[in-house]
Structure formats: C-alpha cells, structure tokens
>>> print(open('my_file25.txt').read())   # compact mmCIF, C-alpha atoms
# COMPACT_ATOMS: atom_id res chain seq x y z
CA MET L 721 -112.64 42.45 -80.48
CA PRO L 722 -113.58 38.83 -81.25
CA GLU L 723 -116.94 38.07 -82.80
CA SER L 724 -119.46 35.76 -81.19
CA LYS L 725 -122.94 34.65 -82.17
CA HIS L 726 -124.21 37.61 -80.17
CA GLY L 727 -122.04 40.19 -81.94
CA ILE L 728 -118.68 41.73 -81.16
CA GLN L 729 -117.36 41.35 -77.63
CA GLN L 730 -114.62 43.21 -75.78
CA TYR L 731 -112.74 41.52 -72.96
CA ALA L 732 -111.28 43.62 -70.14
CA PHE L 733 -108.77 41.92 -67.82
CA PHE L 734 -107.76 43.33 -64.41
CA LEU L 735 -104.27 42.60 -63.14
CA ASN L 736 -104.05 44.99 -60.23
CA SER L 737 -102.09 43.15 -57.54
CA GLN L 738 -102.66 45.94 -55.03
CA GLN L 739 -106.37 46.68 -55.28
CA ARG L 740 -108.60 44.41 -53.25
CA GLY L 741 -110.79 42.15 -55.33
CA LEU L 742 -108.71 42.53 -58.49
CA GLU L 743 -105.71 40.43 -57.48
CA PRO L 744 -104.99 37.55 -59.89
CA LYS L 745 -105.47 34.04 -58.49
CA ILE L 746 -101.89 33.12 -59.40
CA ASP L 747 -98.52 34.79 -58.87
CA ILE L 748 -98.28 37.72 -61.29
CA LYS L 749 -94.75 36.50 -62.05
CA ILE L 750 -96.30 33.84 -64.29
CA TYR L 751 -97.73 36.55 -66.55
CA ARG L 752 -94.36 38.29 -66.64
CA LYS L 753 -92.62 35.06 -67.70
CA ILE L 754 -95.06 34.45 -70.55
CA LEU L 755 -94.76 38.05 -71.70
CA ALA L 756 -90.96 37.83 -71.63
CA GLU L 757 -91.15 34.68 -73.76
CA ILE L 758 -93.50 36.42 -76.21
CA GLY L 759 -91.05 39.30 -76.46
CA LEU L 760 -88.08 37.01 -77.09
CA ILE L 761 -89.92 34.94 -79.70
CA SER L 762 -91.18 38.05 -81.52
CA LEU L 763 -87.61 39.39 -81.72
CA ASP L 764 -86.22 36.08 -83.00
CA LYS L 765 -86.35 36.13 -86.80
CA ALA L 766 -85.88 32.38 -86.96
CA ALA L 767 -88.78 31.64 -84.63
CA SER L 768 -91.92 30.08 -86.03
CA ASP L 769 -95.18 32.02 -86.03
CA TYR L 770 -96.77 28.98 -84.42
CA ARG L 771 -94.51 29.32 -81.37
CA LEU L 772 -95.52 32.94 -80.97
CA LYS L 773 -99.21 32.16 -81.37
CA SER L 774 -98.99 29.30 -78.88
CA LYS L 775 -97.52 31.63 -76.25
CA ILE L 776 -100.18 34.25 -76.90
CA TYR L 777 -102.87 31.57 -76.45
CA GLU L 778 -101.15 30.46 -73.24
CA LEU L 779 -101.29 34.03 -71.95
CA LEU L 780 -104.98 34.32 -72.85
CA ALA L 781 -105.72 31.02 -71.13
CA GLU L 782 -104.06 32.20 -67.91
CA LEU L 783 -105.93 35.50 -68.09
CA PHE L 784 -109.33 33.87 -68.57
CA GLU L 785 -108.75 31.27 -65.87
CA ASN L 786 -106.99 33.30 -63.19
CA ALA L 787 -107.58 37.02 -63.70
CA GLU L 788 -110.64 39.07 -62.94
CA HIS L 789 -112.27 40.04 -66.22
CA GLU L 790 -115.47 41.22 -67.76
CA ILE L 791 -117.05 40.81 -71.17
CA ARG L 792 -118.61 43.83 -72.82
CA GLN L 793 -121.06 43.41 -75.66
CA PHE L 794 -119.86 45.95 -78.19
CA ALA L 795 -122.44 45.46 -80.90
CA ASN L 796 -125.43 43.68 -79.47
CA GLY L 797 -128.43 42.85 -81.61
CA GLN L 798 -126.80 43.37 -84.98
CA GLU L 799 -128.15 41.98 -88.21
CA THR L 800 -126.15 39.37 -90.09
CA GLY L 801 -123.03 40.98 -91.56
CA ASP L 802 -123.14 44.06 -89.31
CA SER L 803 -120.18 42.89 -87.20
CA GLU L 804 -117.98 42.53 -90.27
CA GLN L 805 -119.09 45.94 -91.55
CA LEU L 806 -118.30 47.54 -88.21
CA LEU L 807 -114.80 46.06 -88.12
CA ARG L 808 -114.18 47.31 -91.67
CA ILE L 809 -115.28 50.82 -90.71
CA ILE L 810 -113.08 50.84 -87.60
CA ALA L 811 -110.09 49.60 -89.60
CA TYR L 812 -110.74 52.33 -92.16
CA VAL L 813 -110.81 55.00 -89.44
CA GLU L 814 -107.60 53.69 -87.89
CA LYS L 815 -105.85 54.02 -91.24
CA ASN L 816 -107.36 57.31 -92.46
CA TYR L 817 -108.30 59.42 -89.42
CA ARG L 818 -105.67 62.01 -90.37
CA HIS L 819 -107.50 63.00 -93.55
CA SER L 820 -109.83 65.98 -93.30
CA ASP L 821 -112.30 64.52 -95.83
CA ILE L 822 -112.56 61.09 -94.18
CA ALA L 823 -116.34 61.32 -93.73
CA GLN L 824 -116.96 61.81 -97.45
CA ALA L 825 -114.27 59.29 -98.36
CA ILE L 826 -115.81 56.50 -96.29
CA GLN L 827 -119.26 57.22 -97.72
CA ASN L 828 -117.83 56.90 -101.22
CA ASP L 829 -115.69 53.82 -100.52
CA PHE L 830 -118.42 51.95 -98.61
CA GLY L 831 -121.33 53.09 -100.76
CA ILE L 832 -123.23 54.37 -97.76
CA ASN L 833 -124.89 57.76 -97.25
CA GLU L 834 -124.35 59.99 -94.22
CA LYS L 835 -127.66 59.21 -92.48
CA LYS L 836 -127.27 55.45 -92.88
CA LEU L 837 -123.68 55.60 -91.59
CA TYR L 838 -124.80 57.65 -88.59
CA ARG L 839 -127.64 55.25 -87.72
CA PHE L 840 -125.43 52.19 -88.15
CA LEU L 841 -122.68 53.45 -85.83
CA LYS L 842 -125.15 54.76 -83.24
CA LYS L 843 -126.78 51.33 -83.14
CA THR L 844 -123.56 49.35 -82.92
CA THR L 845 -121.19 51.61 -80.94
CA GLY L 846 -123.30 54.39 -79.44
CA GLN L 847 -121.11 56.90 -81.28
CA SER L 848 -121.47 58.92 -84.43
CA PHE L 849 -118.85 58.68 -87.15
CA ARG L 850 -117.59 62.13 -86.14
CA GLU L 851 -117.16 61.04 -82.52
CA LEU L 852 -115.37 57.85 -83.60
CA VAL L 853 -112.87 59.81 -85.71
CA GLN L 854 -112.34 62.39 -82.97
CA ARG L 855 -111.50 59.62 -80.51
CA TYR L 856 -108.75 58.22 -82.74
CA ARG L 857 -107.39 61.71 -83.39
CA LEU L 858 -107.29 62.57 -79.69
CA ASP L 859 -105.66 59.27 -78.76
CA GLN L 860 -102.96 59.78 -81.37
CA ALA L 861 -102.42 63.39 -80.23
CA LYS L 862 -101.99 62.23 -76.62
CA TYR L 863 -99.47 59.62 -77.74
CA MET L 864 -97.44 62.15 -79.73
CA LEU L 865 -97.50 64.66 -76.88
CA SER L 866 -96.26 62.01 -74.48
CA PHE L 867 -93.62 60.24 -76.55
CA THR L 868 -92.38 62.69 -79.19
CA ASP L 869 -91.00 66.21 -79.23
CA LYS L 870 -93.13 67.26 -82.20
CA THR L 871 -94.60 70.75 -81.96
CA ILE L 872 -98.26 71.13 -81.13
CA LEU L 873 -98.88 72.69 -84.54
CA TYR L 874 -97.32 69.64 -86.19
CA ILE L 875 -99.49 67.32 -84.09
CA ILE L 876 -102.63 69.27 -84.99
CA ASP L 877 -101.87 68.88 -88.69
CA GLU L 878 -100.68 65.26 -88.44
CA CYS L 879 -103.81 64.15 -86.58
CA GLY L 880 -106.21 65.95 -88.93
CA PHE L 881 -107.82 68.43 -86.53
CA GLY L 882 -107.87 71.21 -89.10
CA SER L 883 -107.51 74.16 -86.74
CA GLU L 884 -105.88 75.05 -83.44
CA ASN L 885 -109.18 76.16 -81.92
CA THR L 886 -110.83 72.83 -82.69
CA PHE L 887 -107.89 70.87 -81.29
CA TYR L 888 -107.61 72.87 -78.05
CA ARG L 889 -111.37 72.77 -77.46
CA LEU L 890 -111.71 69.01 -78.00
CA PHE L 891 -108.53 68.21 -76.08
CA LYS L 892 -109.54 70.27 -73.05
CA MET L 893 -113.01 68.69 -73.05
CA ASP L 894 -111.53 65.19 -73.21
CA VAL L 895 -108.53 65.48 -70.87
CA GLY L 896 -109.37 68.44 -68.66
CA VAL L 897 -106.08 70.27 -69.27
CA THR L 898 -104.42 71.97 -72.21
CA PRO L 899 -102.09 70.01 -74.52
CA PHE L 900 -99.11 71.92 -73.10
CA VAL L 901 -99.96 70.97 -69.50
CA PHE L 902 -100.65 67.38 -70.56
CA ARG L 903 -97.20 67.15 -72.15
CA GLN L 904 -95.52 68.56 -69.04
CA GLN L 905 -97.35 66.06 -66.84
CA SER L 906 -96.41 63.16 -69.13
CA VAL L 907 -92.72 64.16 -69.14
CA HIS L 908 -92.70 64.46 -65.36
CA GLN L 909 -94.37 61.08 -64.94
CA MET L 910 -91.92 59.35 -67.27
CA ALA L 911 -88.98 60.98 -65.51
CA THR L 912 -90.09 59.68 -62.11
CA GLU L 913 -90.93 56.12 -63.17
CA LYS L 914 -88.35 53.37 -62.79
CA VAL L 915 -89.00 52.20 -66.35
CA ASN L 916 -87.90 55.55 -67.74
CA GLY L 917 -85.98 55.09 -70.98
CA TYR L 918 -87.36 51.68 -71.99
CA LEU L 919 -88.57 53.08 -75.31
CA ASP L 920 -84.97 53.96 -76.24
CA PHE L 921 -83.66 50.39 -76.14
CA ASP L 922 -82.37 49.03 -79.44
CA GLN L 923 -83.24 45.47 -80.40
CA SER L 924 -80.06 43.85 -79.10
CA GLU L 925 -80.42 45.56 -75.73
CA ALA L 926 -84.09 44.59 -75.58
CA VAL L 927 -83.17 40.93 -76.19
CA THR L 928 -80.47 41.06 -73.51
CA ARG L 929 -82.81 42.57 -70.94
CA LEU L 930 -85.61 40.13 -71.74
CA LYS L 931 -83.22 37.18 -71.36
CA LYS L 932 -82.01 38.48 -68.00
CA LEU L 933 -85.59 38.98 -66.84
CA TYR L 934 -86.62 35.52 -68.00
CA ARG L 935 -83.62 33.86 -66.25
CA ARG L 936 -84.29 35.79 -63.06
CA LEU L 937 -87.94 34.78 -63.04
CA ASN L 938 -86.99 31.11 -63.58
CA ASP L 939 -84.30 31.21 -60.89
CA ASN L 940 -86.87 32.45 -58.38
CA ASP L 941 -89.20 29.49 -58.96
>>> encode(input="my_file25.txt", output="structure tokens")
Amino acid sequence: MPESKHGIQQYAFFLNSQQRGLEPKIDIKIYRKILAEIGLISLDKAASDYRLKSKIYELLAELFENAEHEIRQFANGQETGDSEQLLRIIAYVEKNYRHSDIAQAIQNDFGINEKKLYRFLKKTTGQSFRELVQRYRLDQAKYMLSFTDKTILYIIDECGFGSENTFYRLFKMDVGVTPFVFRQQSVHQMATEKVNGYLDFDQSEAVTRLKKLYRRLNDND
C-alpha cells in the first residue's frame, strides 16, 4: 500500500486472459518470463538485491502500462501522520493477531484509548479494530485449513479465536460453509489442478523448474 499525497492507495491489477475487457495489452507470457526471472534471482544467494529490485520494478512497469488496473484510496482525507500510524497498526496486527489480549496490548503500546482507536480505524479503513483483527485471523485460518493438516482445534488456538463457537460462527458468516467443508473443498480443488504439488518442491527442484520454464518461454519468442 504505497503512500501518496492523498493518503494510502491500493492498486488492483487484472490479468484475466479469458474475461472480456480484462485481457492484458501484451502477451501474458511476458509477465511469466519476468516472474520466472524474479524467482531465479531470489533463489540465487549470490545475486544482488539491486537485480531483484530492478526486475520487480520492471514487472510493475509492465503491469501499469499494459494491464487493466484500478487505484483504491484506502485512507482518504487523513491528517498529517495518519498514514504512518495506520501502517504501524496494520503491521502490529499482522504480527500479534494470535494473542487474545491484542486490543489492550495495542492501546498500551501505542498510547491510545479504545474510543480513539475505534474512531481512527473507522475513519481510515471503515473497520473497527475488532473487525481488522478478525479478518487476519480468518485469513490465517483459511490458509491453514487449505495447506496444512493441523486439527481445527489447533487452528482455533493458533489463530487466537478463543473458543470453538466463536470460530465456527465467524467462519460460517465469512465463507458460507463450515471449516470442515471448506477444507474438503480446498483439498479437492488442489487435487484437480495441474499445479498440484508445487508447494512440495525443494529449492533445487524449484530452481530447475524455473530454469526450464524460462528457457521454454525464450525459445518460443
């Protein structure tokens, strides 16, 4: 979420080559080549950080110039310093959302009372602090249900929900199905996708596959 003179902005890029009106102006293969290069550079311990950053900037340039995108004003009309405060709060939530006493902890650490915190977040994000924390907890729970075999009780505790009833109620409201059904659907989807198993690659195999992909993309030019 970069900061501009108008506040914090979010950029959403659309790279749907099938849906009408969202097709990129250039061959999507170009994006794949840049991403393959980014992957190879990031896995190369001897590579310079500048090389990696240059490729990331190249990717961003292609996205801005050739992909459909929109800019969302995330914190419009903030006072000076509000953007920095918001980013600090979000970073704090990302790091501490598991803790049951996070609301009190952030009030103590930031020197801000509950009402002021509530008003600040409502003004800048449209959410309360409680809603912001719940979002991070639910997102983490969905990730763990999809990509780990941890028990639901473990996930409830790890994500800081406090009780089964709270977790099941919030999860069903957010997703529309129970955590058990969500996990079954995720497993089925992963089993039917061609990319099934990519998360199990070790580093050497990842490098080999990225090199093959990069050579194939270059050979097809």
>>> closest_residue(input="my_file25.txt", among="L:Glu788, L:Glu884, L:Asp764, L:Glu814", to="L:Gln860", atoms="all atoms listed in the file")
L:Glu814
>>> atom_distance(input="my_file25.txt", atom1="atom CA of L:Gly880", atom2="atom CA of L:Arg857")
7.1 Å
>>> closest_residue(input="my_file25.txt", among="L:Ile809, L:Leu865, L:Ile876, L:Ala787", to="L:Tyr838", atoms="all atoms listed in the file")
L:Ile809
>>> atom_distance(input="my_file25.txt", atom1="atom CA of L:Arg808", atom2="atom CA of L:Lys773")
23.7 Å
>>> atom_distance(input="my_file25.txt", atom1="atom CA of L:Ile826", atom2="atom CA of L:Val853")
11.5 Å
